[in-house]
Amino acid sequence: RDAQDGDDADGEVASILREENIQVLAEDKLAQLSVLDKLTGQPRGDDVLLYALPVCGPYNALSAFKYKVKLTPGNVKRGKAAKAALNLFLNAPICTPREKELMRAMPDNEGTQAILGNVKLAYAGMAQIMKSQKKGR
């Protein structure tokens, strides 16, 4: 009887996967995936987000990322720049509640360590966000 219950459950899982159009990778393909293959800079609505990871790189390489700021030489220290960038991301209209939760859970030093020192931040729509924050005070 237990074997029959297991077969029924497997059949039910297979039918759900077909309905949702989810493709299961073969064992050999699954073994080839590394942890880095599971990271994305463009989370979709159906993705299960587990962690927020700050990265720093050439702006062109990060152009497809959902959240990004441009760092140029300036006089803002690393810690202050990291907090300002995080504040911009949290107040962005595209930020979902889960993404906000993960960004807030990220330790401050992770963002600080990912950013270069003595920079100036540039962000699309930054002036509008700063105005709305000043009005809120």
# chains A, B, ... in the order shown; residues from 1 in each chain; ligands from 1

call {"tool": "residues_around", "arguments": {"residues": "range 59-62 of chain A", "least_positions_apart": "4", "cutoff": "12 Å", "atoms": "only C-alpha atoms", "output": "PyMOL selection string"}}
result
chain A and resi 40-42+54-55+66-72+122-123

call {"tool": "residues_around", "arguments": {"residues": "range 76-89 of chain A", "least_positions_apart": "6", "cutoff": "12 Å", "atoms": "only C-alpha atoms", "output": "PyMOL selection string"}}
result
chain A and resi 52-56+66-70+95-97+99-133

call {"tool": "write_last_selection", "arguments": {"atoms": "N, CA and C atoms", "output": "CSV table (one decimal), in the first residue's frame"}}
result
chain,number,residue,atom,x,y,z
A,52,ALA,N,20.0,38.8,-0.3
A,52,ALA,CA,20.4,39.9,-1.1
A,52,ALA,C,21.9,40.0,-1.0
A,53,LEU,N,22.6,40.1,-2.1
A,53,LEU,CA,24.1,40.1,-2.2
A,53,LEU,C,24.5,41.4,-2.9
A,54,PRO,N,25.3,42.3,-2.2
A,54,PRO,CA,25.8,43.5,-2.8
A,54,PRO,C,27.0,43.1,-3.7
A,55,VAL,N,27.1,43.7,-4.9
A,55,VAL,CA,28.2,43.5,-5.8
A,55,VAL,C,28.6,44.8,-6.3
A,56,CYS,N,29.9,44.9,-6.7
A,56,CYS,CA,30.4,46.1,-7.3
A,56,CYS,C,31.2,45.7,-8.6
A,66,LYS,N,18.6,44.6,-11.6
A,66,LYS,CA,17.4,45.4,-11.2
A,66,LYS,C,17.7,46.6,-10.4
A,67,TYR,N,18.7,46.5,-9.5
A,67,TYR,CA,19.1,47.6,-8.6
A,67,TYR,C,20.5,47.9,-8.8
A,68,LYS,N,20.8,49.1,-9.2
A,68,LYS,CA,22.2,49.5,-9.5
A,68,LYS,C,22.3,51.0,-9.3
A,69,VAL,N,23.5,51.4,-8.8
A,69,VAL,CA,23.9,52.9,-8.8
A,69,VAL,C,25.2,53.0,-9.5
A,70,LYS,N,25.4,54.1,-10.0
A,70,LYS,CA,26.7,54.4,-10.7
A,70,LYS,C,27.6,55.1,-9.7
A,95,CYS,N,10.6,48.2,-5.8
A,95,CYS,CA,11.0,47.3,-4.8
A,95,CYS,C,9.9,46.5,-4.1
A,96,THR,N,9.9,45.2,-4.1
A,96,THR,CA,8.8,44.4,-3.5
A,96,THR,C,9.0,44.3,-2.0
A,97,PRO,N,8.0,43.9,-1.3
A,97,PRO,CA,8.2,43.8,0.2
A,97,PRO,C,9.2,42.7,0.5
A,99,GLU,N,11.9,41.9,-1.3
A,99,GLU,CA,13.2,42.4,-1.6
A,99,GLU,C,13.6,43.4,-0.5
A,100,LYS,N,12.7,44.2,0.0
A,100,LYS,CA,13.0,45.2,1.1
A,100,LYS,C,13.4,44.4,2.3
A,101,GLU,N,12.7,43.4,2.6
A,101,GLU,CA,13.0,42.6,3.8
A,101,GLU,C,14.4,42.0,3.7
A,102,LEU,N,14.8,41.5,2.6
A,102,LEU,CA,16.1,40.9,2.4
A,102,LEU,C,17.2,42.0,2.4
A,103,MET,N,16.9,43.1,1.8
A,103,MET,CA,17.9,44.2,1.9
A,103,MET,C,18.2,44.7,3.3
A,104,ARG,N,17.1,44.8,4.1
A,104,ARG,CA,17.2,45.3,5.4
A,104,ARG,C,18.0,44.2,6.3
A,105,ALA,N,17.8,42.9,6.0
A,105,ALA,CA,18.5,41.9,6.7
A,105,ALA,C,20.0,41.8,6.4
A,106,MET,N,20.4,42.4,5.4
A,106,MET,CA,21.8,42.3,5.0
A,106,MET,C,22.7,43.1,6.0
A,107,PRO,N,23.7,42.5,6.5
A,107,PRO,CA,24.6,43.3,7.4
A,107,PRO,C,25.2,44.5,6.8
A,108,ASP,N,25.3,45.6,7.5
A,108,ASP,CA,25.8,46.9,7.0
A,108,ASP,C,27.2,46.7,6.4
A,109,ASN,N,28.1,45.9,7.1
A,109,ASN,CA,29.4,45.8,6.6
A,109,ASN,C,29.5,45.1,5.2
A,110,GLU,N,28.6,44.3,4.8
A,110,GLU,CA,28.6,43.6,3.5
A,110,GLU,C,28.5,44.7,2.4
A,111,GLY,N,27.6,45.6,2.6
A,111,GLY,CA,27.4,46.7,1.6
A,111,GLY,C,28.6,47.6,1.6
A,112,THR,N,29.2,47.9,2.7
A,112,THR,CA,30.3,48.8,2.8
A,112,THR,C,31.5,48.1,2.2
A,113,GLN,N,31.7,46.8,2.4
A,113,GLN,CA,32.9,46.2,1.8
A,113,GLN,C,32.8,46.0,0.3
A,114,ALA,N,31.6,46.0,-0.2
A,114,ALA,CA,31.4,45.9,-1.7
A,114,ALA,C,31.7,47.2,-2.5
A,115,ILE,N,31.7,48.3,-1.8
A,115,ILE,CA,31.8,49.6,-2.4
A,115,ILE,C,33.2,50.2,-2.3
A,116,LEU,N,33.7,50.8,-3.3
A,116,LEU,CA,35.0,51.5,-3.3
A,116,LEU,C,34.9,52.8,-2.4
A,117,GLY,N,36.0,53.3,-2.0
A,117,GLY,CA,36.0,54.5,-1.1
A,117,GLY,C,36.0,55.7,-1.9
A,118,ASN,N,35.5,56.8,-1.3
A,118,ASN,CA,35.5,58.2,-1.9
A,118,ASN,C,34.8,58.2,-3.3
A,119,VAL,N,33.5,58.0,-3.2
A,119,VAL,CA,32.7,58.0,-4.4
A,119,VAL,C,31.6,59.0,-4.4
A,120,LYS,N,30.9,59.1,-5.5
A,120,LYS,CA,29.7,59.9,-5.6
A,120,LYS,C,28.7,59.0,-6.3
A,121,LEU,N,27.4,59.0,-5.8
A,121,LEU,CA,26.4,58.1,-6.3
A,121,LEU,C,25.6,58.8,-7.4
A,122,ALA,N,25.3,58.0,-8.4
A,122,ALA,CA,24.3,58.5,-9.5
A,122,ALA,C,23.3,57.4,-9.7
A,123,TYR,N,22.0,57.8,-9.7
A,123,TYR,CA,21.0,56.8,-9.8
A,123,TYR,C,19.8,57.4,-10.6
A,124,ALA,N,19.3,56.6,-11.5
A,124,ALA,CA,18.2,57.2,-12.3
A,124,ALA,C,17.0,57.5,-11.4
A,125,GLY,N,16.5,58.7,-11.5
A,125,GLY,CA,15.4,59.2,-10.6
A,125,GLY,C,15.8,59.6,-9.2
A,126,MET,N,17.1,59.8,-9.0
A,126,MET,CA,17.6,60.0,-7.7
A,126,MET,C,17.1,61.4,-7.1
A,127,ALA,N,17.0,62.4,-8.0
A,127,ALA,CA,16.6,63.7,-7.5
A,127,ALA,C,15.1,63.6,-7.1
A,128,GLN,N,14.3,62.9,-7.7
A,128,GLN,CA,12.9,62.8,-7.3
A,128,GLN,C,12.8,62.1,-6.0
A,129,ILE,N,13.5,61.0,-5.8
A,129,ILE,CA,13.5,60.3,-4.5
A,129,ILE,C,14.0,61.2,-3.4
A,130,MET,N,15.0,61.9,-3.6
A,130,MET,CA,15.6,62.8,-2.5
A,130,MET,C,14.5,63.9,-2.2
A,131,LYS,N,13.8,64.4,-3.2
A,131,LYS,CA,12.8,65.5,-3.0
A,131,LYS,C,11.7,64.9,-2.1
A,132,SER,N,11.2,63.7,-2.5
A,132,SER,CA,10.1,63.1,-1.7
A,132,SER,C,10.5,62.8,-0.3
A,133,GLN,N,11.8,62.4,-0.1
A,133,GLN,CA,12.2,62.1,1.3
A,133,GLN,C,12.3,63.4,2.1

call {"tool": "select_by_dssp", "arguments": {"residues": "range 14-136 of chain A", "states": "strand (DSSP E or B)", "output": "list in words"}}
result
Lys70, Leu71, Thr72, Pro73, Gly74, Asn75, Val76, Val119, Lys120, Leu121 and Ala122 of chain A

call {"tool": "atom_distance", "arguments": {"atom1": "CA of Pro43 in chain A", "atom2": "CA of Arg98 in chain A"}}
result
11.3 Å
